[in-house]
Structure formats: C-alpha cells, structure tokens
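One structure is given below, encoded as structure tokens.
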Amino acid sequence: MKMLINGAERVVADALRGMAAAHPELRVDVDQRLVVRADAPVEGKVGLVSGGGSGHEPLHAGFVGYGMLDAACCGEIFTSPVPDQMTRAAAAVHGGAGVLLIVKNYTGDVLNFDMAAELVEDEGIEVAKVVVQDDVAVSDSTFTAGRRGTGGTLFVEKLAGAAAQEGAPLAVVADVARRAAEGSRSFGVALHGPTTPAKGSPTFDLPPDQLELGIGIHGEPGRERRSVLGAAEIADLTVEALLADYGPGPTGPLLCLTNGMGGTPLLELYGFHAEVVRALGARGITPARSLVGDYVTSLDMAGCSVSLCQVDDELLRLWDAPVSTPGLRRGR
Amino acid sequence: MKMLINGAERVVADALRGMAAAHPELRVDVDQRLVVRADAPVEGKVGLVSGGGSGHEPLHAGFVGYGMLDAACCGEIFTSPVPDQMTRAAAAVHGGAGVLLIVKNYTGDVLNFDMAAELVEDEGIEVAKVVVQDDVAVSDSTFTAGRRGTGGTLFVEKLAGAAAQEGAPLAVVADVARRAAEGSRSFGVALHGPTTPAKGSPTFDLPPDQLELGIGIHGEPGRERRSVLGAAEIADLTVEALLADYGPGPTGPLLCLTNGMGGTPLLELYGFHAEVVRALGARGITPARSLVGDYVTSLDMAGCSVSLCQVDDELLRLWDAPVSTPGLRRGR
Amino acid sequence: MAGQTTERDAAFVAAWLTASADAVRAEADRLTELDSAIGDADHGNNMRRGFTAVVASLENEPQTAPGGVLLLAGRTLVSTVGGASGPLFGTLLRRAGKALGEAERVTDAELKEALGTGVDAVAQLGGAALGDKTMLDALLPAVDALPDYAAAARAAEAGSQATIPLRAHKGRASYLGERSVGHEDPGAASAALLLGALFQVSR
Amino acid sequence: MAGQTTERDAAFVAAWLTASADAVRAEADRLTELDSAIGDADHGNNMRRGFTAVVASLENEPQTAPGGVLLLAGRTLVSTVGGASGPLFGTLLRRAGKALGEAERVTDAELKEALGTGVDAVAQLGGAALGDKTMLDALLPAVDALPDYAAAARAAEAGSQATIPLRAHKGRASYLGERSVGHEDPGAASAALLLGALFQVSR
Ligand SMILES: Nc1ncnc2c1ncn2[C@@H]1O[C@H](COP(=O)(O)OP(=O)(O)O)[C@@H](O)[C@H]1O
Ligand SMILES: Nc1ncnc2c1ncn2[C@@H]1O[C@H](COP(=O)(O)OP(=O)(O)O)[C@@H](O)[C@H]1O
Ligand SMILES: [Mg+2]
Ligand SMILES: [Mg+2]
Ligand SMILES: [Mg+2]
Ligand SMILES: [Mg+2]
C-alpha cells in the first residue's frame, strides 16, 4: 500500500510538524505530541484536554482552538496517548479554573486518562472527566468493554468548548459535556477497511460485494457483514439503529453529523446525507443542524458514520457559538 | 468498486439534495444543478459564477457563500456544465454590478462558458471572465490544450470573492482574479487513480510500486511514472517544479495550499505539508499563509497537489478577509 | 446508392439521429473506455446523455425541415452534454442545420455542404486541425467522401483508427504528451458512429 | 532448575527484560497480525516501542535492586506504550517491583509472589477475569506455575493458545462479539513471550 509518508514510525511526528507549520495559532510540541492553543492557559477559563490515538484527523488535534479544545494529546496511530502527555497538557492549559478531560471509551484511553487524572489532581489541579460512549453498534455493553466513543466526540468537544469559552465554571462545563455525551448516538459502516502504515494492508478485508456494519474508528472490524447496499438502504438501517437506541425517541432538537471515514468522496457523503435526512424525515424528524464532512476518520477507510445528538435550547445555542479551529470553524 | 451511492446516474443530483439539506444558507436547484447564495442577488455586488465537472468537492459548490462565490454550476462527474446552467446562474446572481465567470482551463469548460458569456451579454449583463491555468505539469502549452486549471482555482475564487464582497466594481474584481490566476502554480501527484461511478474501476491503473507525477484533477493520467518515493522527495520535486516555473523566483508573499486529492488521510497530508514547507525553506521561502486539506479533489484519488500563489499586500489582505462557505470558513 | 440529386426530408435526418442514439447507447462503454485511457472516462456517458435527449427533443418538438431537426438536435446537445464534446458536436449539427435553413427537402449535395459548414465550425471553435487526434480526424475525411454515404462511413472509421498512432494536441489527451500515442480518440470514435448511422439510414 | 531458594539480583531481572525486548522485537509483526484480526493492528508496535524504551531506561538509570528494575521498567511502559497494554503491562511490572522493595537479592518465591501481586493489579485495573480472552489468560496460569520457570513458560503459552476458542469480553476484541472466536489474543501472546524470556534467562 502506497502512502504519502517518510516511514511508518515518523507519520505522527511529521503530521505534527505540518500542523505547526500550517497553524501559527497553535503551539505544537512534536516530541511530546501535544497540540495546545497558543494563548493557553486562558486565565479563569476551564481547560479542555482530549486526545486519543492518531489516525482520526481532524479529531482531536484539529479541534484545538477558540471555542473548542485547549489541548490534544496525540497517541501513535490507533493507540491511546500516555499519561505523561495528559499531565503536561493539563498543566499547560490550567488557567486556574480546573481541567476537563474528554475521553473516548476504549480500554486504553480510559486507563491512561485515569492514571493521568490522578497525577493531575495530585498537583492540586481540579479535574473532571467525561467519557464518550456513543456507538450503538456495541449493544451488550455488560459483556464488552462498553460502547465505543466515536463521532459523538465532536459534539462533546464543541459544546463543552463553547461553554468553557463563555467562562462557565468546571462543574457547568462538565455538565454540558455529560449531557452532550448522553445525548449522542453513532453508527458506522465501512466499504473498505483502513490501512495503517505499520501493517501496510487493510486491517480487515472486505470482499468486493460486502460491507461491514457497526464499525469502529480504529480499523477494528464491525459486528456484521452484508451484501452491498445502496445509500438509501444504508441510511435507513443506520437511522433505525440510532433512533431505536433513543428508546421513546429523541425529544428536543437534534444535531446530525454525517461523517466520512476518510476514503469516501465528499460527493458521495452529501448524497448519503440526503438519504439520512430523508430517513429521519420518514420518521417525523428534521435535524435542527447538519454537519457533513470528514471529522472523525479512520485513516483511509471508505465508509461513513452518522452521529446524532439530542440537545436542548441551551446546547443548541452552544452549538451555534463561534468556534475557530483547523477542523471546525464558524462565526469567527 | 463499492460506493456509497444509489446508482451512478444519481450521484450528482443526490449530492445536491444533501447540500440543500445541510446548508439552509444556500439555494440549491437540484434539477438545474445550481448552487446559489440564498441572499443572491446582492444589490450592487459583482456576482461570481464558477463551476465545472463534479467530483472535485468542495470545489466549486462548497465555495458558494459570503466572501467567495455567488453561484456554482455543477456538471456531471468530470464533465463541464452546460451553457444553460451558467446563464441561469448569472441571472440569479446579477445584482446590477455585472458578473465574473471563473473558468478552469479545459476545452469543455472554456467552450461552454464562452457560449454562456455570449448569451449573458446578450441579456445586457456585463460579463468578465478569468481562466485559471495553474498546472505547471503541462509544459508545452502550445502543443496542448494549455495548462489545466487545478488547485489555484481556490485562490482565485477566494481572492476575487473577497474583493466582490467588499463592493469592488467588476473591473477591479476581475483584475484581482486575474492577478490571483497569474500568480498561481500547481503540481499534483497520484498514488492511486480515482474511480468514477460510471466506470467503476480506477481511470488509470498504478502498479503498487509506482506513482504518477503531474496528474490532473479529472482522473486523466499524468505525464510521468516513477518508482514510489517518500514524502520528502515528492515535496522536493514538487517545490522544484513550482519554483522553476516562477522564473526568477516568486516575489512577495506566498500562499501555500497543500491539497489532498480525496483518498489521502489528513494525517499524511499534514506530514507532507511539513516537507513542502521544509523544501520551500531550503530555497529561502516561508509561505505567508498555509492551508492544508481536501479542497480541490478528484473523487477518491490518493495523492496530493501543492498550489502556490504569489500575492501582494492587497491580495494577502483579501486572503485573510472573512469567508463563510461550506468548504472554507474563517472570521465569520 | 444515394446520388447528387436524391432528396432528404426531416424524417430522414431524424432517423439518422435516432440511429446515432442507438449506436451511441450500444457503444457507450467502449467510448468511456477509450476516454479513460487518454481522457477522463466520461465520453460514453456524455454522448449517451446527449443523444437520449436529442431523441426526446425530436419527439417533443417535431420538425418539418431537415435544417430544423439538425438545429434542434445541436441545441439539445449543447444544453445537455457539457464537456468538450457537447459544444463541438452541438455546433456541428447546429451550424449544419442553420446552413440548410427551412427547406423541407434537401439534396444529398446540400446535406454534404451543410455538414461541411458544421465541421468547419467545429474546427474553428476548437482550434484543431487534421492530425490533432480529435473528432475532426474522422469528420473531415467523412465529409469529403459525401455524398457517398458508404464511403463516408468507411472514411470516418478509418480516420478514427488513424488517430491511434497520433500524439494528441487538443483536448484532455494532449496533457499526456507522448503517452497519448497508441490509443484511439474517443471523440473520433463517436464521429465514426454517427457516420455509420447515417450510412445505415441512407440504405 | 530454579528452586524456592535460588536468589536473583537486579542483573537477572534486567536480563529478563532485555530478553523480553528481543522476543517482542522478533515477534512484533505476528503480534500486530493477531491484533489486526480482532483489534486495531497496533499491538506489535506498542510492545516493541515499550520494550525498546525499557532497555534504554535500564541502561540510562542502572538499578541495584530487582524491585527497582521492575519499577523503572513498569513506569517506562506506562510512559511510552499507551493503548490498553501500556497501563496493564506497566502496572504488572510496577506493582511487582513495588512488592519487592529495595532488596538487592530476592528469592524465586519472592519473585513469584511479587509477580502475583502484579497480575492481581492487572486484573483489578482492567476488570478482566480468567476466560475473558486477555493477557490474564496467559499471566494467571503462568504465575501459578512459578517458581518453575519452564512450567510457567509452558503455562503462559498454553493459556495464550487457550484464548483461541474464547469469545472476548474485554478490550477491543469484545466489540466483535462471536466473531472474536477463533483468534489468539495478542496481549496473551505477548505475555507468553515475556514468560518464555524469563525461562530462557533462568536456565
Ligand atoms: N479542441 C478540440 N477540437 C475538436 N475536438 C476536440 C477538441 N477537444 C476535445 N475534442 C474531442 O472531444 C473528445 C472528448 O470529449 P468528452 O470526453 O465528451 O469531453 P471532455 O474532454 O471534456 O471530457 C475528444 O476525444 C476529442 O475528439
Ligand atoms: N480489560 C483488560 N484487561 C486485561 N487485558 C486487557 C484488557 N483490555 C485489553 N487487554 C489486553 O490488551 C491487548 C491489546 O493491547 P494493545 O493492542 O496494545 O492495546 P489497544 O487494545 O488499546 O490497541 C489485548 O489483546 C488484551 O490482551
Ligand atoms: Mg490501539
Ligand atoms: Mg470530461
Ligand atoms: Mg472526457
Ligand atoms: Mg491494539
């Protein structure tokens, strides 16, 4: 598999060098694999720290900036970062109002962030943590590592980031993050597995006539294979899986993220979004806001995920609030 | 080749339905394949119309909005739109100050836009036209259809769009567009050819150990094949090709677009951007502004292009001016 | 065989375009395949879309004059094809139609002259000449061979085959430089289909 | 063969970890391959990165006590691996090191007990039990078999093989449900490599 790289072991460091070159508004520590707002710490503002394995860009480093994250810790590809990165990040963004850690629910991420949280607290910094677990494809959470954190992470980072930017205290920012996490549901479909630089071939092989339902964002295969379906059918079963999981059905406005996994053209993604909106409409739902694009990716995986977030008027206002990051920008 | 579509013949229409659903700030005519600013025509503002074959998203439809295009005409995949679309678009965005047509230099685009320009003038609307021909890979322009318009189109649309948004008259907006077009140089490299829905397999086959230099954005093969190179080497030969073409070397600040062709992960693209900036630096040049991402794509083609634009202080100011479109957003 | 004085009506020209549409539809994949070797893999689709629209137009707005048929067909191609081939084939038919005017019957000689006018307009619009590896390489010898429809069809086909060893100087294929050599030009192949259809309806 | 009273020094433990690093490096691709079947294809890289760093740490900060060696190695794994295996293998070694304290020589029995403490900490941290298809399926029987190093290595290897028919309940493989059956757990395979290295240096 050909890649535009200098060698598998250099991919993450090289990408961070590129971010540093492209974004003077960010402070990039290539050695420590940290991306921090250049104006951090912002006095009196809650610091938002997230991170995870690399390969999901723009998540998380691309969401550092005004109105969203203060710092992102970048792990190796598909590998959670280590506690040292997180403690450094927390120290760099602590503006006296404490730090919120936003963690995707994977064993590695949870363990590493938990270790870091203890160390940060030991330093006398107030810490809160929210775990995103929005992937409805993982159903029997009691017999698994629990639901994965996927596309819904964008909602959590954006909404909590907006609250923090407005100057809300840690308890409020953490509450916004938790409500966003609890309101989020995601479901993903792959047409072609991702290829990691280390492995050099797709992490799962999909025959030309099959697609994989309920995929994660780390190249892990999904729960089920099916013969190829059209965009309309994929949208129907995706929307069905999402809405079924809300139980009595979502109340209040919905945010909708139609997300590309990296290898699917934007042209196809918009077409798929049309089907998602149609499928929602057939069930009496019109999303209050839509976002379409590659936001939470899995290297070059072909496919898509849909994330919904059930919000209230306050969260909707926070969604619309200005944000200025490399990966998401609006109103500023 | 699996795709997230409902059928090859529906791809463009479905994508436009998706854009309509996602972007209330745009007026989308799915039948006519037009995307227009919802507030068009803006009284007294020059109207900017562009368009081309589909498959390059976000270009052009994704660049419709405040500070950039007023309308985009969407052709079939890799096929120039027809004059009827362009005349409709011009009528929809003419706010009394005339219309600028931004045309990528392909035989089809030029012929169709020229036909349209005549018809629009016949309606009594003042028309100016700028042809973007930035691709340095096409060298002997006298024996070819001339240089292709590729990534530099983004510079032209952004800079002219900013001038129009400020209220500049048609002559000035056209002059900005021309200076942007003349200052632009691009060069592209493919690791894997794009697959059109109609054909269902890559439009050119690249063996696993080869890459293609000097590619266009329509799945046309490039000028030369080479054994696979690392990102650093690709950046060196790209930067060399670009700078050689400026002759005595670019004077004044440079904009740099490190552009993904659609199938290359953002992680790789940032790593490549680091090498581009290094290669420029080795030749004494620091780009004044960088933009990294998938902006002028070719469906799912893996690879990248680099576009430079030599600007002056006024164009640099226009580059920094607020823009709010689905595909490019800043300061608003 | 058709002679200098055979007269043709609107139905004849409409039948030609309908036969062309059938041929283009049957060969669309091959045309796209040719375009994918040295272009952007859309030519078959473009031609199919255009000629399907032409057939529909002729049904919706029946014409009484050969010139009217060609004018409508040309306008339809311009409005529905896009790309390079839309304006070029559209202009070919439009100009030929214009040249024929409103006469309800035209001789084969008049048709030849009108098509010659159309081909000249294509050459002027696209700036290409014989040997540039374009549709002109099929169109120019074919018009020369008219009003012998069989010879014109053969000339078009031969002209299209003759593009194989050529290096393209116009259109997308020109970007390939030397690498365009060894492939048949898709637009020339389409032109050969149109001339083949003309021969077919003339028999 | 090692007995209850054989004493081990810091050099022995360092040699173990160095041998482990060699084994992990030699088998990294296989570990990644296992992880790609039921995980995310990074386990070989993770372990290689971690153990390469462990060897470097031990060179840069030579330790005089077995406990110190294990503590440093565990801390290094936590700081360099990430993922699930970093905190888990890191905790295994850290807790074992802590249990051994600063004694410059420890008996095989003490080592067994310390590693048992470490394995318990892994179980607590990760919330997994025997049969969940994790590294514990290799670690638990291996520690039971200590201080017989040969038996421990065999038990770890057998435990790792025994994960093949299991359905995963922890870690990434659990997302696969039934489809995790039929594959060896990569973390268990790593644990077997570590126990194999321990046997090797004990001879
Ligand atoms: N300048 C030109 N003059 C004459 N014919 C041309 C010219 N440029 C392109 N063509 C013809 O158009 C054909 C390509 O048509 P098509 O694939 O439909 O459009 P596009 O090149 O825009 O994708 C070529 O094979 C060639 O015959
Ligand atoms: N909760 C857990 N308890 C014990 N071991 C676990 C647990 N979760 C995962 N593991 C082990 O970690 C291994 C995966 O490690 P690795 O691939 O390096 O990390 P990640 O799963 O984060 O990519 C699994 O094969 C399993 O043995
Ligand atoms: Mg991992
Ligand atoms: Mg085309
Ligand atoms: Mg073509
Ligand atoms: Mg793993």
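Labels for the structure tokens follow display order: chains A, B, ..., residues from 1 in each chain, ligands from 1.
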
Handout entry: At most 6 Å from ligand 5 (only C-alpha atoms and all ligand atoms): residue list as a PyMOL selection string
Key = chain C and resi 35+39-43

Practice task
Find the residues near Leu88 (chain D): any atom within 12 Å, counting only C-alpha atoms, skip ones fewer than 5 places away on the same chain, and give them as a PyMOL selection string.
Solution key: (chain A and resi 107-112+115) or (chain D and resi 47+74-75+77-79+81-83+93-95+118-128+134-136+139+171+187-188+190-191)

Put those residues in a file: N, CA, C and O atoms, as a compact mmCIF listing (two decimals), in the first residue's frame.
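Final output, again15.txt:
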# COMPACT_ATOMS: atom_id res chain seq x y z
N THR A 107 -10.63 0.88 26.33
CA THR A 107 -9.86 0.45 27.50
C THR A 107 -8.59 1.27 27.65
O THR A 107 -8.29 1.80 28.72
N GLY A 108 -7.84 1.37 26.55
CA GLY A 108 -6.57 2.07 26.62
C GLY A 108 -6.74 3.53 26.99
O GLY A 108 -6.04 4.07 27.86
N ASP A 109 -7.66 4.20 26.33
CA ASP A 109 -7.86 5.62 26.62
C ASP A 109 -8.29 5.83 28.05
O ASP A 109 -7.80 6.73 28.76
N VAL A 110 -9.22 5.03 28.50
CA VAL A 110 -9.74 5.19 29.85
C VAL A 110 -8.63 4.95 30.89
O VAL A 110 -8.45 5.74 31.82
N LEU A 111 -7.88 3.89 30.70
CA LEU A 111 -6.81 3.58 31.66
C LEU A 111 -5.77 4.69 31.71
O LEU A 111 -5.36 5.13 32.79
N ASN A 112 -5.36 5.14 30.55
CA ASN A 112 -4.31 6.16 30.52
C ASN A 112 -4.80 7.50 31.07
O ASN A 112 -4.10 8.17 31.82
N MET A 115 -5.11 7.25 34.90
CA MET A 115 -3.81 7.42 35.54
C MET A 115 -3.40 8.88 35.57
O MET A 115 -2.92 9.40 36.57
N MET D 47 4.24 -2.92 21.80
CA MET D 47 5.16 -3.68 22.66
C MET D 47 6.61 -3.40 22.28
O MET D 47 7.48 -3.28 23.14
N GLY D 74 8.30 -0.82 34.56
CA GLY D 74 6.85 -0.59 34.55
C GLY D 74 6.52 0.85 34.25
O GLY D 74 5.64 1.15 33.43
N ARG D 75 7.24 1.75 34.93
CA ARG D 75 6.99 3.18 34.67
C ARG D 75 7.27 3.53 33.23
O ARG D 75 6.57 4.33 32.61
N LEU D 77 7.06 1.54 30.62
CA LEU D 77 5.97 1.04 29.77
C LEU D 77 4.77 1.99 29.83
O LEU D 77 4.19 2.35 28.80
N VAL D 78 4.40 2.40 31.04
CA VAL D 78 3.26 3.32 31.17
C VAL D 78 3.51 4.60 30.38
O VAL D 78 2.60 5.13 29.74
N SER D 79 4.75 5.06 30.40
CA SER D 79 5.05 6.36 29.76
C SER D 79 5.28 6.28 28.27
O SER D 79 5.36 7.32 27.61
N VAL D 81 4.07 3.33 26.04
CA VAL D 81 3.26 2.43 25.22
C VAL D 81 1.91 3.03 24.85
O VAL D 81 1.52 3.09 23.68
N GLY D 82 1.17 3.48 25.85
CA GLY D 82 -0.20 3.89 25.57
C GLY D 82 -1.07 2.68 25.32
O GLY D 82 -0.68 1.54 25.62
N GLY D 83 -2.26 2.91 24.74
CA GLY D 83 -3.18 1.80 24.47
C GLY D 83 -3.56 1.09 25.76
O GLY D 83 -3.34 1.59 26.87
N LEU D 93 4.43 -4.81 36.02
CA LEU D 93 5.83 -4.71 36.44
C LEU D 93 6.00 -3.73 37.61
O LEU D 93 6.76 -3.97 38.54
N ARG D 94 5.26 -2.64 37.55
CA ARG D 94 5.39 -1.63 38.62
C ARG D 94 4.99 -2.21 39.97
O ARG D 94 5.67 -2.03 40.99
N ARG D 95 3.85 -2.88 39.97
CA ARG D 95 3.37 -3.42 41.24
C ARG D 95 4.28 -4.54 41.74
O ARG D 95 4.52 -4.67 42.94
N GLY D 118 1.43 -8.28 41.00
CA GLY D 118 1.31 -7.51 39.76
C GLY D 118 0.14 -7.99 38.92
O GLY D 118 -0.64 -7.18 38.39
N VAL D 119 0.00 -9.29 38.79
CA VAL D 119 -1.10 -9.82 37.97
C VAL D 119 -2.46 -9.47 38.60
O VAL D 119 -3.41 -9.11 37.88
N ASP D 120 -2.53 -9.53 39.92
CA ASP D 120 -3.77 -9.13 40.58
C ASP D 120 -4.10 -7.67 40.27
O ASP D 120 -5.27 -7.31 40.04
N ALA D 121 -3.08 -6.86 40.26
CA ALA D 121 -3.31 -5.44 39.97
C ALA D 121 -3.82 -5.25 38.54
O ALA D 121 -4.68 -4.41 38.28
N VAL D 122 -3.29 -6.07 37.63
CA VAL D 122 -3.77 -6.01 36.23
C VAL D 122 -5.25 -6.37 36.18
O VAL D 122 -6.05 -5.69 35.50
N ALA D 123 -5.60 -7.43 36.91
CA ALA D 123 -7.00 -7.88 36.91
C ALA D 123 -7.90 -6.77 37.47
O ALA D 123 -8.99 -6.50 36.96
N GLN D 124 -7.40 -6.13 38.52
CA GLN D 124 -8.23 -5.08 39.12
C GLN D 124 -8.34 -3.86 38.21
O GLN D 124 -9.44 -3.32 38.00
N LEU D 125 -7.22 -3.46 37.65
CA LEU D 125 -7.22 -2.27 36.80
C LEU D 125 -8.12 -2.47 35.58
O LEU D 125 -8.93 -1.61 35.23
N GLY D 126 -7.98 -3.62 34.95
CA GLY D 126 -8.72 -3.85 33.71
C GLY D 126 -10.08 -4.48 33.92
O GLY D 126 -10.88 -4.58 33.00
N GLY D 127 -10.35 -4.95 35.15
CA GLY D 127 -11.64 -5.55 35.43
C GLY D 127 -11.88 -6.86 34.70
O GLY D 127 -13.02 -7.29 34.57
N ALA D 128 -10.82 -7.50 34.24
CA ALA D 128 -11.00 -8.75 33.50
C ALA D 128 -10.74 -9.95 34.41
O ALA D 128 -10.08 -9.83 35.44
N THR D 134 -7.94 -12.28 27.47
CA THR D 134 -6.98 -11.18 27.59
C THR D 134 -5.63 -11.74 28.02
O THR D 134 -5.48 -12.95 28.20
N MET D 135 -4.70 -10.83 28.23
CA MET D 135 -3.36 -11.22 28.70
C MET D 135 -3.44 -12.03 30.00
O MET D 135 -2.55 -12.82 30.29
N LEU D 136 -4.51 -11.83 30.75
CA LEU D 136 -4.65 -12.56 32.02
C LEU D 136 -4.73 -14.07 31.80
O LEU D 136 -4.31 -14.84 32.66
N LEU D 139 -1.19 -14.88 31.86
CA LEU D 139 -0.47 -14.48 33.07
C LEU D 139 -0.87 -15.29 34.30
O LEU D 139 -0.01 -15.70 35.09
N GLY D 171 -11.53 -5.36 26.30
CA GLY D 171 -10.67 -4.83 25.24
C GLY D 171 -11.42 -4.71 23.92
O GLY D 171 -12.62 -4.99 23.82
N GLY D 187 -2.51 -9.78 23.39
CA GLY D 187 -1.89 -9.50 24.69
C GLY D 187 -1.46 -10.77 25.40
O GLY D 187 -0.41 -10.81 26.08
N ALA D 188 -2.25 -11.83 25.25
CA ALA D 188 -1.87 -13.11 25.84
C ALA D 188 -0.61 -13.64 25.15
O ALA D 188 0.29 -14.18 25.80
N SER D 190 1.74 -11.85 23.88
CA SER D 190 2.86 -11.07 24.43
C SER D 190 3.27 -11.58 25.79
O SER D 190 4.47 -11.70 26.10
N ALA D 191 2.26 -11.84 26.61
CA ALA D 191 2.56 -12.35 27.95
C ALA D 191 3.34 -13.66 27.85
O ALA D 191 4.31 -13.88 28.60

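Note on identical chains: chain C superimposed on chain D gives 0.0 Å, C-alpha RMSD over every paired atom.
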
Handout entry: Every residue of region 35-246 of chain B that DSSP places in strand (DSSP E), as a PyMOL selection string
Key = chain B and resi 35-37+47-54+71-77+99-104+127-132+184-192+210-213+224-227

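In chain A, the set of residues within 6 Å of chain D (atoms considered: only C-alpha atoms) is Thr79, Ser80, Pro81, Val82, Thr107, Gly108, Phe143, Thr144, Ala145, Thr203, His218, Gly219, Glu220 and Arg223 of chain A.
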
Given the selection you just returned, output its residues as a file containing C-alpha atoms, formatted as a PDB file, in the first residue's frame.
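Written out: again_28.pdb:
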ATOM      1  CA  THR A  79      -3.066   3.879  20.177  1.00  0.00           C
ATOM      2  CA  SER A  80      -4.117   5.901  23.190  1.00  0.00           C
ATOM      3  CA  PRO A  81      -1.594   8.506  24.301  1.00  0.00           C
ATOM      4  CA  VAL A  82       0.267   8.020  27.583  1.00  0.00           C
ATOM      5  CA  THR A 107      -9.865   0.446  27.499  1.00  0.00           C
ATOM      6  CA  GLY A 108      -6.568   2.072  26.617  1.00  0.00           C
ATOM      7  CA  PHE A 143     -20.172  -8.307  28.119  1.00  0.00           C
ATOM      8  CA  THR A 144     -17.843  -5.941  26.313  1.00  0.00           C
ATOM      9  CA  ALA A 145     -15.531  -3.048  27.037  1.00  0.00           C
ATOM     10  CA  THR A 203      -6.798  -4.146   8.893  1.00  0.00           C
ATOM     11  CA  HIS A 218      -9.758   2.056  14.849  1.00  0.00           C
ATOM     12  CA  GLY A 219      -9.811  -0.373  11.979  1.00  0.00           C
ATOM     13  CA  GLU A 220     -11.483  -2.946  14.163  1.00  0.00           C
ATOM     14  CA  ARG A 223     -20.356  -6.724  14.057  1.00  0.00           C
TER      15      ARG A 223
END

Exercise for the section: Fewer than 2 positions away in the same chain doesn't count, so skip those; otherwise give me all residues within 6 Å of Arg185 (chain B), counting only C-alpha atoms, as a PyMOL selection string. Expected result: chain B and resi 134-135+307-308

Practice task
Can you check which residues of chain A have any atom within 7 Å of chain B? Use only C-alpha atoms and format it as a ChimeraX atom specification.
Solution key: /A:1-2,4-6,11,14-15,17-19,21-22,55,57,191,208,230-232,262-268,270-274,290-291,299-300,329-332

Problem - Contact residues around Glu126 (chain B) with only C-alpha atoms at 7 Å, ignoring same-chain residues under 3 positions, as a PyMOL selection string - result: chain B and resi 98-99+121

Would you write out those residues with N, CA and C atoms, as a short mmCIF file (atom, residue, chain, number, x, y, z; two decimals), in the first residue's frame?
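See result_13.cif below for the written result:
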data_model
loop_
_atom_site.label_atom_id
_atom_site.label_comp_id
_atom_site.auth_asym_id
_atom_site.auth_seq_id
_atom_site.Cartn_x
_atom_site.Cartn_y
_atom_site.Cartn_z
N GLY B 98 -22.79 43.45 -12.59
CA GLY B 98 -22.11 42.56 -13.52
C GLY B 98 -21.71 41.24 -12.89
N VAL B 99 -21.19 40.39 -13.73
CA VAL B 99 -20.88 39.02 -13.33
C VAL B 99 -19.48 38.64 -13.77
N GLU B 121 -24.22 38.28 -22.09
CA GLU B 121 -24.04 39.64 -22.60
C GLU B 121 -25.25 40.08 -23.42
#

Exercise for the section: Within region 17-146 of chain C, find each residue whose DSSP state, derived from the backbone, is helix (DSSP H, G or I), and express the selection as number ranges by chain. Expected result: C: 17-38, 43-60, 66-80, 85-100, 108-126, 136-145

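Take the candidates A:Glu182, A:Asp245, A:Glu314, A:Glu76 and check each one against ligand 6 using only C-alpha atoms and all ligand atoms; the shortest distance goes to A:Glu76.
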
Handout entry: Between CA of Ala180 (chain B) and CA of Leu315 (chain B), distance in Å (one decimal)
Key = 7.8 Å

Practice task
Rank A:Glu166, A:Tyr106, A:Ala174, A:Gly222 by their smallest atom-to-atom distance to ligand 6, using only C-alpha atoms and all ligand atoms, and report the top residue only.
Solution key: A:Tyr106

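Nearest to ligand 6 of all the residues A:Gly53, A:Asp122, A:Ala91, A:Thr251 is A:Gly53, counting only C-alpha atoms and all ligand atoms.
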
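Checking B:Gln165, B:Thr196, B:Gln133, B:Ser50 one by one against ligand 4, counting only C-alpha atoms and all ligand atoms, you find the shortest gap at B:Thr196.
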
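If you measure from each of C:Ala152, C:Ala114, C:Ala138, C:Ala109 to ligand 1 using only C-alpha atoms and all ligand atoms, the closest one turns out to be C:Ala138.
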